[in-house]
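Enquirer: Here you go, upload_2.txt (compact mmCIF, C-alpha atoms and all ligand atoms):
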```txt
# COMPACT_ATOMS: atom_id res chain seq x y z
CA MET S 38 4.53 -14.48 -47.67
CA PRO S 39 3.79 -12.63 -44.40
CA LEU S 40 7.11 -11.99 -42.71
CA PHE S 41 6.36 -10.89 -39.19
CA THR S 42 3.38 -13.01 -38.27
CA PRO S 43 3.55 -15.72 -35.63
CA SER S 44 2.22 -18.30 -38.07
CA PRO S 45 4.56 -21.22 -38.71
CA ILE S 46 6.03 -22.30 -42.02
CA THR S 47 4.78 -25.70 -43.12
CA VAL S 48 6.92 -28.45 -44.58
CA ALA S 49 4.11 -29.86 -46.71
CA LEU S 50 5.04 -33.52 -46.92
CA PRO S 51 2.40 -36.01 -48.05
CA HIS S 52 0.70 -38.82 -46.10
CA GLY S 53 0.04 -36.85 -42.92
CA ARG S 54 3.73 -36.15 -42.35
CA ALA S 55 3.57 -32.37 -42.83
CA TYR S 56 5.11 -30.45 -39.96
CA PRO S 57 5.48 -26.83 -38.85
CA VAL S 58 8.59 -24.72 -38.40
CA HIS S 59 7.81 -22.23 -35.65
CA PHE S 60 9.73 -19.01 -35.21
CA ALA S 61 9.02 -18.29 -31.55
CA ARG S 62 10.69 -18.11 -28.14
CA LEU S 63 11.87 -21.33 -26.49
CA GLY S 64 9.26 -20.78 -23.77
CA ALA S 65 6.58 -21.71 -26.31
CA LEU S 66 7.81 -25.32 -26.29
CA PRO S 67 5.30 -26.94 -23.88
CA GLY S 68 2.34 -25.51 -25.78
CA LEU S 69 3.78 -26.65 -29.10
CA LEU S 70 4.35 -30.18 -27.77
CA THR S 71 0.69 -30.32 -26.75
CA GLU S 72 -0.34 -28.97 -30.16
CA ALA S 73 1.71 -31.78 -31.75
CA GLY S 74 -0.22 -34.35 -29.72
CA LEU S 75 2.61 -35.14 -27.32
CA GLY S 76 1.50 -35.46 -23.72
CA PRO S 77 3.53 -34.76 -20.58
CA GLY S 78 5.85 -37.55 -19.44
CA ARG S 79 9.54 -38.20 -19.79
CA ALA S 80 11.34 -36.13 -22.45
CA LEU S 81 14.94 -36.45 -23.65
CA VAL S 82 16.92 -33.29 -24.33
CA VAL S 83 20.23 -33.58 -26.20
CA THR S 84 22.42 -30.50 -26.42
CA ASP S 85 26.08 -29.51 -26.54
CA ALA S 86 28.48 -28.02 -24.03
CA ASN S 87 28.27 -24.49 -25.46
CA VAL S 88 24.51 -24.39 -25.75
CA ALA S 89 23.69 -26.04 -22.40
CA PRO S 90 24.78 -23.14 -20.15
CA LEU S 91 22.96 -20.67 -22.40
CA TYR S 92 19.62 -22.34 -23.17
CA LEU S 93 19.11 -25.65 -21.39
CA GLY S 94 17.43 -23.87 -18.47
CA ALA S 95 15.05 -22.07 -20.86
CA VAL S 96 13.92 -25.50 -22.12
CA VAL S 97 13.93 -27.59 -18.96
CA GLY S 98 12.25 -24.92 -16.78
CA PRO S 99 9.04 -24.49 -18.81
CA LEU S 100 8.89 -28.24 -19.52
CA THR S 101 9.04 -29.09 -15.82
CA ALA S 102 6.47 -26.41 -15.00
CA ALA S 103 4.16 -28.00 -17.59
CA GLY S 104 4.42 -31.43 -15.98
CA TRP S 105 7.16 -32.97 -18.13
CA MET S 106 10.11 -34.91 -16.68
CA PRO S 107 13.01 -33.79 -18.87
CA GLU S 108 16.31 -35.69 -18.87
CA ALA S 109 19.26 -33.85 -20.43
CA ARG S 110 22.42 -35.16 -22.07
CA VAL S 111 25.24 -32.77 -22.96
CA VAL S 112 27.69 -33.82 -25.69
CA PRO S 113 30.95 -32.00 -26.47
CA ALA S 114 30.49 -29.07 -28.86
CA GLY S 115 31.70 -29.48 -32.42
CA GLU S 116 31.74 -31.79 -35.42
CA PRO S 117 33.62 -34.68 -33.69
CA SER S 118 30.40 -35.36 -31.72
CA LYS S 119 28.74 -36.49 -34.96
CA SER S 120 30.34 -39.88 -34.40
CA LEU S 121 29.34 -43.50 -33.83
CA ASN S 122 30.95 -43.33 -30.37
CA THR S 123 28.84 -40.37 -29.24
CA LEU S 124 25.78 -42.01 -30.78
CA ALA S 125 26.45 -45.27 -28.88
CA ALA S 126 26.74 -43.31 -25.63
CA LEU S 127 23.40 -41.62 -26.39
CA TYR S 128 21.78 -45.03 -26.95
CA ASP S 129 23.15 -46.31 -23.61
CA TRP S 130 21.85 -43.23 -21.81
CA ALA S 131 18.39 -43.19 -23.42
CA LEU S 132 17.74 -46.92 -23.12
CA GLY S 133 19.06 -46.89 -19.55
CA LEU S 134 16.33 -44.38 -18.66
CA GLY S 135 13.62 -46.81 -19.74
CA ILE S 136 12.17 -44.70 -22.55
CA GLU S 137 9.01 -45.54 -24.44
CA ARG S 138 8.15 -45.10 -28.09
CA ARG S 139 6.18 -41.92 -27.34
CA THR S 140 9.07 -40.28 -25.42
CA PRO S 141 10.06 -37.19 -27.43
CA LEU S 142 13.68 -36.45 -28.16
CA LEU S 143 14.44 -32.73 -28.29
CA ALA S 144 17.60 -31.68 -30.15
CA LEU S 145 18.70 -28.33 -28.70
CA GLY S 146 21.53 -26.72 -30.67
CA GLY S 147 22.98 -26.40 -34.14
CA GLY S 148 23.37 -28.81 -37.02
CA VAL S 149 25.73 -31.11 -35.15
CA VAL S 150 23.28 -31.80 -32.33
CA GLY S 151 20.38 -31.92 -34.80
CA ASP S 152 22.03 -34.48 -37.08
CA LEU S 153 23.29 -36.63 -34.20
CA ALA S 154 20.18 -36.56 -32.03
CA GLY S 155 17.98 -36.80 -35.13
CA PHE S 156 19.62 -40.09 -36.08
CA ALA S 157 19.34 -41.33 -32.49
CA ALA S 158 15.60 -40.50 -32.61
CA ALA S 159 15.24 -42.27 -35.96
CA THR S 160 16.76 -45.48 -34.63
CA LEU S 161 15.85 -45.72 -30.92
CA LEU S 162 12.89 -48.10 -30.55
CA ARG S 163 12.55 -47.72 -34.36
CA GLY S 164 11.64 -44.07 -34.01
CA LEU S 165 10.97 -41.55 -31.23
CA PRO S 166 9.11 -38.27 -31.88
CA LEU S 167 11.84 -35.78 -32.81
CA VAL S 168 11.75 -32.03 -32.18
CA HIS S 169 14.46 -29.65 -33.32
CA LEU S 170 15.13 -26.63 -31.09
CA SER S 171 17.47 -24.81 -33.43
CA THR S 172 20.00 -22.29 -32.15
CA THR S 173 22.29 -21.58 -35.13
CA VAL S 174 21.66 -19.90 -38.48
CA VAL S 175 22.52 -23.17 -40.22
CA ALA S 176 20.00 -25.13 -38.15
CA GLN S 177 17.20 -22.54 -38.35
CA VAL S 178 17.29 -22.16 -42.12
CA ASP S 179 18.68 -25.47 -43.26
CA SER S 180 19.71 -28.53 -41.25
CA ALA S 181 16.60 -28.91 -39.05
CA ILE S 182 14.32 -28.81 -42.08
CA GLY S 183 14.08 -31.72 -44.47
CA GLY S 184 14.85 -34.79 -42.41
CA LYS S 185 18.49 -35.53 -43.16
CA THR S 186 20.06 -36.99 -40.02
CA GLY S 187 23.27 -38.87 -39.43
CA VAL S 188 26.83 -39.12 -38.21
CA ASN S 189 30.25 -39.10 -39.82
CA HIS S 190 32.57 -42.04 -40.52
CA ALA S 191 36.36 -42.09 -40.83
CA LEU S 192 35.84 -42.41 -44.60
CA GLY S 193 33.78 -39.24 -44.88
CA LYS S 194 31.08 -36.91 -43.58
CA ASN S 195 27.42 -37.92 -43.18
CA LEU S 196 28.03 -41.46 -44.48
CA ILE S 197 25.78 -43.11 -41.87
CA GLY S 198 22.28 -41.73 -41.51
CA ALA S 199 18.62 -41.75 -42.37
CA PHE S 200 15.87 -39.52 -43.63
CA TYR S 201 13.78 -38.88 -40.53
CA GLN S 202 11.43 -35.93 -40.27
CA PRO S 203 10.82 -34.08 -37.00
CA ARG S 204 7.36 -33.55 -35.50
CA PHE S 205 8.11 -29.84 -35.52
CA VAL S 206 10.94 -27.34 -35.49
CA LEU S 207 11.15 -24.47 -33.02
CA ALA S 208 13.60 -21.77 -34.06
CA ASP S 209 14.03 -18.99 -31.51
CA PRO S 210 15.72 -16.17 -33.45
CA THR S 211 16.90 -14.49 -30.23
CA THR S 212 19.25 -17.44 -29.60
CA LEU S 213 21.31 -16.24 -32.59
CA ASP S 214 22.39 -13.23 -30.48
CA THR S 215 24.94 -15.38 -28.65
CA LEU S 216 26.41 -17.11 -31.71
CA PRO S 217 30.10 -16.31 -32.24
CA ASP S 218 30.50 -13.87 -35.13
CA ARG S 219 32.39 -16.34 -37.33
CA GLU S 220 29.60 -18.93 -36.93
CA TYR S 221 26.88 -16.35 -37.55
CA ARG S 222 28.45 -15.02 -40.73
CA ALA S 223 29.42 -18.43 -42.10
CA GLY S 224 25.84 -19.57 -41.52
CA LEU S 225 24.68 -16.79 -43.82
CA ALA S 226 26.18 -18.75 -46.73
CA GLU S 227 23.17 -21.10 -46.61
CA VAL S 228 20.83 -18.08 -46.54
CA PHE S 229 22.50 -16.61 -49.62
CA LYS S 230 22.36 -20.00 -51.30
CA ALA S 231 18.60 -20.22 -50.75
CA ALA S 232 18.12 -16.80 -52.35
CA LEU S 233 20.42 -17.54 -55.28
CA VAL S 234 18.76 -20.82 -56.22
CA ALA S 235 15.13 -19.87 -55.69
CA ASP S 236 14.26 -16.25 -54.99
CA ALA S 237 15.72 -13.24 -56.82
CA ASP S 238 13.65 -10.75 -54.75
CA PHE S 239 15.10 -12.20 -51.58
CA PHE S 240 18.57 -11.84 -53.07
CA HIS S 241 17.92 -8.14 -53.67
CA TRP S 242 16.66 -7.78 -50.12
CA LEU S 243 19.90 -9.37 -48.81
CA GLU S 244 21.89 -6.92 -50.92
CA GLU S 245 20.00 -3.92 -49.57
CA ASN S 246 19.96 -5.03 -45.96
CA TRP S 247 23.48 -6.39 -45.55
CA ASP S 248 24.40 -3.91 -42.78
CA ARG S 249 21.27 -4.72 -40.78
CA ILE S 250 21.94 -8.43 -41.19
CA VAL S 251 25.52 -8.16 -39.99
CA ALA S 252 24.33 -6.03 -37.03
CA ARG S 253 21.83 -8.82 -36.22
CA GLU S 254 18.92 -6.38 -36.14
CA PRO S 255 15.99 -8.44 -34.84
CA GLU S 256 13.68 -7.55 -37.73
CA ALA S 257 16.32 -8.39 -40.30
CA VAL S 258 17.12 -11.69 -38.56
CA ALA S 259 13.41 -12.54 -38.41
CA MET S 260 13.10 -11.78 -42.10
CA PHE S 261 16.00 -13.79 -43.47
CA THR S 262 15.55 -16.83 -41.22
CA ARG S 263 11.87 -17.16 -42.13
CA ARG S 264 12.39 -16.61 -45.82
CA ALA S 265 15.37 -18.96 -46.18
CA ALA S 266 13.57 -21.60 -44.10
CA ALA S 267 10.48 -21.24 -46.30
CA ILE S 268 12.56 -21.84 -49.42
CA LYS S 269 14.12 -24.96 -47.92
CA ALA S 270 10.70 -26.17 -46.74
CA SER S 271 9.12 -25.73 -50.14
CA ILE S 272 11.96 -27.47 -52.01
CA VAL S 273 12.15 -30.50 -49.69
CA ALA S 274 8.37 -30.86 -49.61
CA GLY S 275 8.48 -31.41 -53.36
CA ASP S 276 11.38 -33.86 -53.31
CA GLU S 277 11.89 -35.40 -49.89
CA ARG S 278 14.54 -37.97 -50.90
CA GLU S 279 16.55 -35.79 -53.30
CA HIS S 280 15.61 -37.59 -56.48
CA GLY S 281 15.33 -34.30 -58.35
CA ARG S 282 14.80 -30.64 -57.44
CA ARG S 283 16.24 -30.89 -53.90
CA ALA S 284 19.68 -31.22 -55.47
CA VAL S 285 19.69 -27.47 -56.26
CA LEU S 286 20.24 -26.92 -52.53
CA ASN S 287 23.75 -28.21 -53.20
CA PHE S 288 24.62 -24.99 -55.07
CA GLY S 289 28.32 -24.33 -54.35
CA HIS S 290 28.58 -27.57 -52.40
CA THR S 291 30.42 -29.71 -54.97
CA PHE S 292 33.21 -27.15 -54.84
CA GLY S 293 32.73 -26.56 -51.10
CA HIS S 294 33.02 -30.24 -50.18
CA ALA S 295 36.22 -30.50 -52.18
CA ILE S 296 37.65 -27.50 -50.30
CA GLU S 297 36.76 -29.01 -46.92
CA ARG S 298 38.26 -32.35 -47.87
CA ALA S 299 41.44 -30.91 -49.44
CA ALA S 300 42.04 -28.52 -46.52
CA GLY S 301 41.27 -31.17 -43.90
CA TYR S 302 37.95 -31.10 -42.03
CA GLY S 303 37.81 -28.48 -39.32
CA ARG S 304 40.17 -25.95 -40.92
CA PHE S 305 37.31 -23.97 -42.45
CA LEU S 306 33.71 -23.81 -41.34
CA HIS S 307 31.29 -25.47 -43.75
CA GLY S 308 29.74 -22.09 -44.59
CA GLU S 309 33.15 -20.64 -45.44
CA ALA S 310 33.87 -23.49 -47.85
CA VAL S 311 30.37 -23.19 -49.34
CA ALA S 312 30.71 -19.42 -49.83
CA THR S 313 33.95 -19.93 -51.76
CA GLY S 314 32.30 -22.83 -53.60
CA MET S 315 29.41 -20.56 -54.59
CA ARG S 316 31.87 -18.08 -56.10
CA ALA S 317 33.22 -20.91 -58.25
CA ALA S 318 29.69 -22.02 -59.16
CA LEU S 319 28.77 -18.43 -60.10
CA HIS S 320 31.63 -18.46 -62.59
CA LEU S 321 30.75 -21.91 -63.87
CA SER S 322 27.14 -20.88 -64.57
CA PRO S 323 27.74 -18.54 -67.54
CA SER S 324 30.39 -20.93 -68.91
CA VAL S 325 27.73 -23.64 -69.05
CA ALA S 326 25.22 -21.24 -70.60
CA HIS S 327 27.69 -20.21 -73.32
CA GLY S 328 28.98 -23.72 -73.91
CA ALA S 329 32.57 -22.54 -73.49
CA ALA S 330 34.79 -21.84 -70.49
CA LEU S 331 34.93 -18.15 -69.65
CA PRO S 332 38.35 -16.83 -68.68
CA PRO S 333 38.67 -16.58 -64.87
CA ASP S 334 38.74 -12.77 -64.96
CA ARG S 335 35.47 -12.48 -66.89
CA LEU S 336 32.11 -12.64 -65.19
CA PRO S 337 28.98 -11.22 -66.84
CA GLU S 338 25.94 -9.84 -65.03
CA PRO S 339 23.97 -10.87 -63.04
CA PHE S 340 26.61 -13.33 -61.83
CA ALA S 341 29.11 -10.56 -61.10
CA ARG S 342 26.54 -8.83 -58.91
CA ALA S 343 25.88 -12.07 -57.01
CA ASP S 344 29.61 -12.62 -56.67
CA ARG S 345 30.11 -9.19 -55.12
CA LEU S 346 27.59 -10.01 -52.39
CA VAL S 347 28.87 -13.54 -51.76
CA ALA S 348 32.40 -12.13 -51.47
CA ARG S 349 31.29 -10.27 -48.32
CA LEU S 350 30.78 -13.59 -46.54
CA PRO S 351 33.68 -15.18 -44.71
CA LEU S 352 35.50 -17.25 -47.32
CA ALA S 353 37.91 -20.17 -47.31
CA PRO S 354 41.17 -18.82 -48.74
CA LEU S 355 42.49 -21.31 -51.25
CA ASP S 356 46.05 -20.00 -51.51
CA GLY S 357 47.42 -22.73 -49.26
CA LEU S 358 45.85 -25.50 -51.33
CA SER S 359 47.21 -27.09 -54.47
CA GLY S 360 45.12 -27.62 -57.58
CA THR S 361 46.14 -31.26 -57.49
CA ALA S 362 44.77 -31.74 -53.96
CA ILE S 363 41.48 -30.11 -54.93
CA ALA S 364 41.16 -32.24 -58.07
CA ALA S 365 41.76 -35.37 -55.95
CA ALA S 366 39.15 -34.20 -53.44
CA MET S 367 36.59 -33.79 -56.22
CA GLU S 368 37.31 -37.33 -57.43
CA VAL S 369 36.02 -38.69 -54.11
CA ASP S 370 32.58 -37.15 -54.70
CA LYS S 371 32.65 -38.35 -58.29
CA LYS S 372 33.20 -41.96 -57.19
CA ARG S 373 30.42 -41.67 -54.63
CA GLU S 374 27.93 -40.45 -57.21
CA GLY S 375 28.72 -43.38 -59.46
CA ALA S 376 29.79 -41.70 -62.65
CA ARG S 377 30.02 -37.99 -63.33
CA LEU S 378 29.96 -35.08 -60.96
CA ARG S 379 26.78 -33.08 -60.95
CA PHE S 380 27.06 -29.33 -60.60
CA VAL S 381 24.33 -26.87 -59.71
CA VAL S 382 24.37 -23.82 -61.96
CA LEU S 383 22.20 -20.71 -62.20
CA ASP S 384 20.39 -19.69 -65.36
CA ASP S 385 19.61 -16.43 -63.62
CA LEU S 386 19.36 -15.13 -60.05
CA GLY S 387 16.78 -17.32 -58.35
CA ARG S 388 16.77 -19.98 -61.09
CA ALA S 389 18.95 -23.05 -60.59
CA ARG S 390 19.36 -26.39 -62.30
CA THR S 391 21.80 -29.29 -62.21
CA THR S 392 24.10 -30.29 -65.03
CA GLU S 393 26.67 -32.96 -65.75
CA VAL S 394 27.59 -31.49 -69.10
CA LEU S 395 30.42 -29.01 -68.79
CA PRO S 396 32.51 -27.20 -71.39
CA PRO S 397 36.18 -28.27 -71.29
CA GLY S 398 38.19 -26.18 -68.84
CA ALA S 399 35.11 -24.60 -67.23
CA VAL S 400 35.58 -26.18 -63.79
CA GLU S 401 39.28 -25.30 -63.79
CA ALA S 402 38.51 -21.67 -64.70
CA ALA S 403 35.90 -21.52 -61.93
CA TRP S 404 38.44 -22.73 -59.39
CA VAL S 405 40.99 -20.15 -60.47
CA ARG S 406 38.31 -17.45 -60.22
CA ALA S 407 37.28 -18.54 -56.71
CA ALA S 408 40.91 -18.69 -55.62
CA GLY S 409 41.53 -15.16 -56.88
CA GLY S 410 44.31 -16.70 -58.98
CA GLY S 411 45.94 -18.05 -55.83
CA LEU S 412 46.00 -21.82 -56.36
CA HIS S 413 49.38 -23.54 -56.30
CA ALA S 414 50.87 -24.97 -59.46
CA GLY S 415 49.17 -28.05 -60.85
CA SER S 416 45.79 -26.42 -61.31
CA PRO S 417 42.91 -28.86 -61.03
N1 LIG V 501 20.86 -32.27 -42.00
C1 LIG V 501 21.07 -31.37 -42.93
O1 LIG V 501 20.29 -31.22 -43.88
C2 LIG V 501 22.24 -30.46 -42.80
C3 LIG V 501 22.32 -29.29 -43.58
C4 LIG V 501 23.41 -28.43 -43.37
C5 LIG V 501 24.38 -28.74 -42.43
N2 LIG V 501 24.28 -29.90 -41.71
C6 LIG V 501 25.27 -30.25 -40.69
O2 LIG V 501 25.21 -29.26 -39.68
C7 LIG V 501 26.48 -29.19 -39.02
C8 LIG V 501 26.86 -27.73 -38.89
O3 LIG V 501 25.86 -27.07 -38.17
P1 LIG V 501 26.15 -25.73 -37.36
O4 LIG V 501 26.84 -24.79 -38.26
O5 LIG V 501 24.89 -25.35 -36.71
O6 LIG V 501 27.28 -26.21 -36.34
P2 LIG V 501 27.26 -26.58 -34.78
O7 LIG V 501 26.08 -27.35 -34.40
O8 LIG V 501 28.61 -27.19 -34.52
O9 LIG V 501 27.20 -25.16 -34.07
C9 LIG V 501 28.25 -24.24 -34.28
C10 LIG V 501 28.88 -23.80 -32.96
O10 LIG V 501 28.03 -22.87 -32.32
C11 LIG V 501 27.72 -23.30 -30.98
N3 LIG V 501 26.38 -22.81 -30.73
C12 LIG V 501 25.22 -23.32 -31.21
N4 LIG V 501 24.20 -22.50 -30.92
C13 LIG V 501 24.72 -21.46 -30.23
C14 LIG V 501 24.17 -20.27 -29.69
N5 LIG V 501 22.88 -19.96 -29.87
N6 LIG V 501 24.99 -19.42 -29.04
C15 LIG V 501 26.32 -19.70 -28.93
N7 LIG V 501 26.91 -20.79 -29.45
C16 LIG V 501 26.11 -21.66 -30.10
C17 LIG V 501 27.92 -24.77 -30.99
O11 LIG V 501 28.21 -25.27 -29.72
C18 LIG V 501 29.11 -24.92 -31.95
O12 LIG V 501 30.31 -24.65 -31.26
C19 LIG V 501 27.45 -30.01 -39.87
O13 LIG V 501 27.68 -31.23 -39.22
C20 LIG V 501 26.69 -30.23 -41.17
O14 LIG V 501 27.06 -31.45 -41.78
C21 LIG V 501 23.23 -30.75 -41.87
```
Could you take the file, read its structure, and then write that structure out as structure tokens?
Ligand SMILES: NC(=O)c1ccc[n+]([C@@H]2O[C@H](COP(=O)([O-])OP(=O)(O)OC[C@H]3O[C@@H](n4cnc5c(N)ncnc54)[C@H](O)[C@@H]3O)[C@@H](O)[C@H]2O)c1

Expert:
Amino acid sequence: MPLFTPSPITVALPHGRAYPVHFARLGALPGLLTEAGLGPGRALVVTDANVAPLYLGAVVGPLTAAGWMPEARVVPAGEPSKSLNTLAALYDWALGLGIERRTPLLALGGGVVGDLAGFAAATLLRGLPLVHLSTTVVAQVDSAIGGKTGVNHALGKNLIGAFYQPRFVLADPTTLDTLPDREYRAGLAEVFKAALVADADFFHWLEENWDRIVAREPEAVAMFTRRAAAIKASIVAGDEREHGRRAVLNFGHTFGHAIERAAGYGRFLHGEAVATGMRAALHLSPSVAHGAALPPDRLPEPFARADRLVARLPLAPLDGLSGTAIAAAMEVDKKREGARLRFVVLDDLGRARTTEVLPPGAVEAAWVRAAGGGLHAGSP
């Protein structure tokens, strides 16, 4: 795959619904709208209170100059904006403007704005053209690609939503320069995940280039965003509705979701919980392969090598959590999936599969490993 060309990545969905993911400056937006067959007129821009002062001008200025009439709506930054209340306010605003079915909705920000505004686009007038203008690592490599949109409910995250694909994604890698360090590093968890489940060469590249990545060297950022986005694009193109292969993108997430739920949402960033979850999943993988739970202090290669790299990411320390709370948190996912929990395991670096068949004690040993032995009594 060419890494430093201006050509977009394609999400190759069938029935004329394929769309490009462009890695380019925000100023390219008017030209890309034209390329997508969207003509000047009214355009809705939804963003959050952190992103607006940084990048709203870089979107609205070129749009206005190109003959568009952009209308912007700024929601509070953070996960609480993925709510039915914020969504209802967006509906009131958009419908009050007298929008038409061809009015594009541009989601400028990270995964929160993308999921919220994406669901608004899916439902307003039964579907407005959606464009993601992604400004976080999570959004550029993961959340803007694949069409999952939605909001949270008091009973859990992402419980109300729809699959709704954008017309295109524009990821400006230079916007990552202003991301707070904790957000930037936690977002790398999804990049590592992509490499671990699908691309061993990419994993080796991440290993060798860790210092450049942390320093946000432009070439390194361009490389890992494109490559992780390409992995996501190729997996979702083959399984849009997650009936099969797409589930491998949940590597580390069964554990990660349980951590988020047991700790209380908001205590850890999603990427921190996923990074810790991936450490557990890396221990679970050889246990599944051997058909017997490995002791927590044993980890064969190449899983140990992967674990050493994942351990450099910001993690969710588990020492404040009890095994009982984590076990209860996992039960919630189990109920939602109907029967048994499905785990994603690696057969090797870059080769993932799902399994429901687990050796006795393997999940418990994986938790103890990920906790560094620090879980409270009552292990899960
Ligand atoms: N739809 C999917 O497939 C999918 C996949 C993964 C995650 N998600 C969702 O994505 C959300 C997390 O996304 P996120 O990590 O991007 O969080 P986010 O959207 O909350 O952004 C993180 C923080 O960074 C700020 N920010 C964004 N861009 C910035 C920039 N360039 N400079 C400075 N600050 C900036 C935001 O205001 C926010 O405070 C969660 O709700 C998660 O459920 C969805």

Enquirer: Go ahead and compute the interatomic distance for CA of Val82 in chain S and CA of Leu225 in chain S, in Å to one decimal.

Expert: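 If I compute the distance from CA of Val82 in chain S to CA of Leu225 in chain S, I get 26.7 Å.
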
Enquirer: Once you count only C-alpha atoms and all ligand atoms, which residues end up within 6 Å of ligand LIG 501 (chain V), and could you hand them over as a list in words?

Expert: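 Checking only C-alpha atoms and all ligand atoms against ligand LIG 501 (chain V) at 6 Å gives Asp85, Asn87, Val88, Ala114, Gly115, Glu116, Gly146, Gly147, Gly148, Val149, Val150, Asp152, Thr172, Thr173, Val175, Ala176, Asp179, Ser180, Lys185, Thr186, Thr212, Leu213, Thr215 and Leu216 of chain S.
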
Enquirer: Contacts of range 155-162 of chain S at 12 Å or less, counting all atoms listed in the file, minus same-chain residues fewer than 6 places along, as an MDAnalysis selection string?

Expert: chainID S and resid 80:84 119:133 135:149 168:170 180:189 195:204 206

Enquirer: With only C-alpha atoms as the atoms that count, which of S:Leu358, S:Val311, S:Leu192, S:Ala226 lies nearest to Arg373 in chain S?

Expert: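 Closest to Arg373 in chain S of all the choices is S:Leu192.
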
Enquirer: Take CA of Gly398 in chain S and CA of Ala330 in chain S and report the distance between them in Å, one decimal.

Expert: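 So the answer is 5.8 Å.
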
Enquirer: Suppose you want the space between CA of Ala86 in chain S and CA of Pro113 in chain S; what is it in Å?

Expert: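 Result for CA of Ala86 in chain S versus CA of Pro113 in chain S: 5.3 Å, one decimal.
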
Enquirer: Choose the residue, out of S:Ala317, S:Ala265, S:Ile363, S:Leu50, that has the smallest atom-to-atom separation from Asp236 in chain S; count all atoms listed in the file.

Expert: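 Among the listed residues, the smallest separation from Asp236 in chain S belongs to S:Ala265.
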
Enquirer: For each of S:Val228, S:Ala49, S:Ala284, S:Ala109, take the minimum atom-to-atom distance to Ala89 in chain S, counting all atoms listed in the file, then give the residue where this is smallest.

Expert: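 Using all atoms listed in the file, Ala89 in chain S sits closest to S:Ala109.
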
Enquirer: Which one is closest to Ala237 in chain S: S:Gly289, S:Gly164, S:Pro217, S:Gly387? Count all atoms listed in the file.

Expert: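 With all atoms listed in the file as the atom set, the closest residue is S:Gly387.
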
Enquirer: Using all atoms listed in the file, which of S:Ala223, S:Arg390, S:Arg283, S:Ala295 sits nearest Glu309 in chain S?

Expert: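 Closest to Glu309 in chain S, using all atoms listed in the file: S:Ala223.
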
Enquirer: Counting all atoms listed in the file, which of S:Met260, S:Ala65, S:Ala364, S:Leu331 gets nearest to Val97 in chain S?

Expert: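 Using all atoms listed in the file, Val97 in chain S sits closest to S:Ala65.
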
Enquirer: Might you pull out every residue within 8 Å of range 312-315 of chain S, with all atoms listed in the file counted and same-chain residues fewer than 2 positions away left off, and present them as JSON, numbers by chain?

Expert: {"S": [223, 226, 230, 288, 289, 290, 291, 292, 293, 296, 308, 309, 310, 317, 318, 319, 347, 348, 350, 351, 352, 353, 354, 407]}

Enquirer: Near Pro339 in chain S, counting all atoms listed in the file, which residues have an atom at most 12 Å away, once you skip same-chain residues fewer than 6 positions from it, shown as number ranges by chain?

Expert: S: 233, 237, 240-241, 319-320, 322-323, 345-346, 383-388

Enquirer: Take the point (33.0, -15.1, -61.7) in the file's coordinates, draw a sphere of radius 8 Å around it, and report as a PyMOL selection string every protein, DNA or RNA residue with an atom inside or on it, counting all atoms listed in the file.

Expert: chain S and resi 316-317+319-321+333-337+340-341+344+403+406-407

Enquirer: Kindly provide, as a CSV table (one decimal) with C-alpha atoms, in the coordinates of the input, the polymer residues lying within 12 Å of (2.9, -34.9, -46.6), counting only C-alpha atoms and using the coordinates exactly as they appear in the file.

Expert:
```
chain,number,residue,atom,x,y,z
S,47,THR,CA,4.8,-25.7,-43.1
S,48,VAL,CA,6.9,-28.4,-44.6
S,49,ALA,CA,4.1,-29.9,-46.7
S,50,LEU,CA,5.0,-33.5,-46.9
S,51,PRO,CA,2.4,-36.0,-48.0
S,52,HIS,CA,0.7,-38.8,-46.1
S,53,GLY,CA,0.0,-36.8,-42.9
S,54,ARG,CA,3.7,-36.2,-42.4
S,55,ALA,CA,3.6,-32.4,-42.8
S,56,TYR,CA,5.1,-30.4,-40.0
S,57,PRO,CA,5.5,-26.8,-38.8
S,183,GLY,CA,14.1,-31.7,-44.5
S,202,GLN,CA,11.4,-35.9,-40.3
S,270,ALA,CA,10.7,-26.2,-46.7
S,271,SER,CA,9.1,-25.7,-50.1
S,273,VAL,CA,12.2,-30.5,-49.7
S,274,ALA,CA,8.4,-30.9,-49.6
S,275,GLY,CA,8.5,-31.4,-53.4
S,276,ASP,CA,11.4,-33.9,-53.3
S,277,GLU,CA,11.9,-35.4,-49.9
```
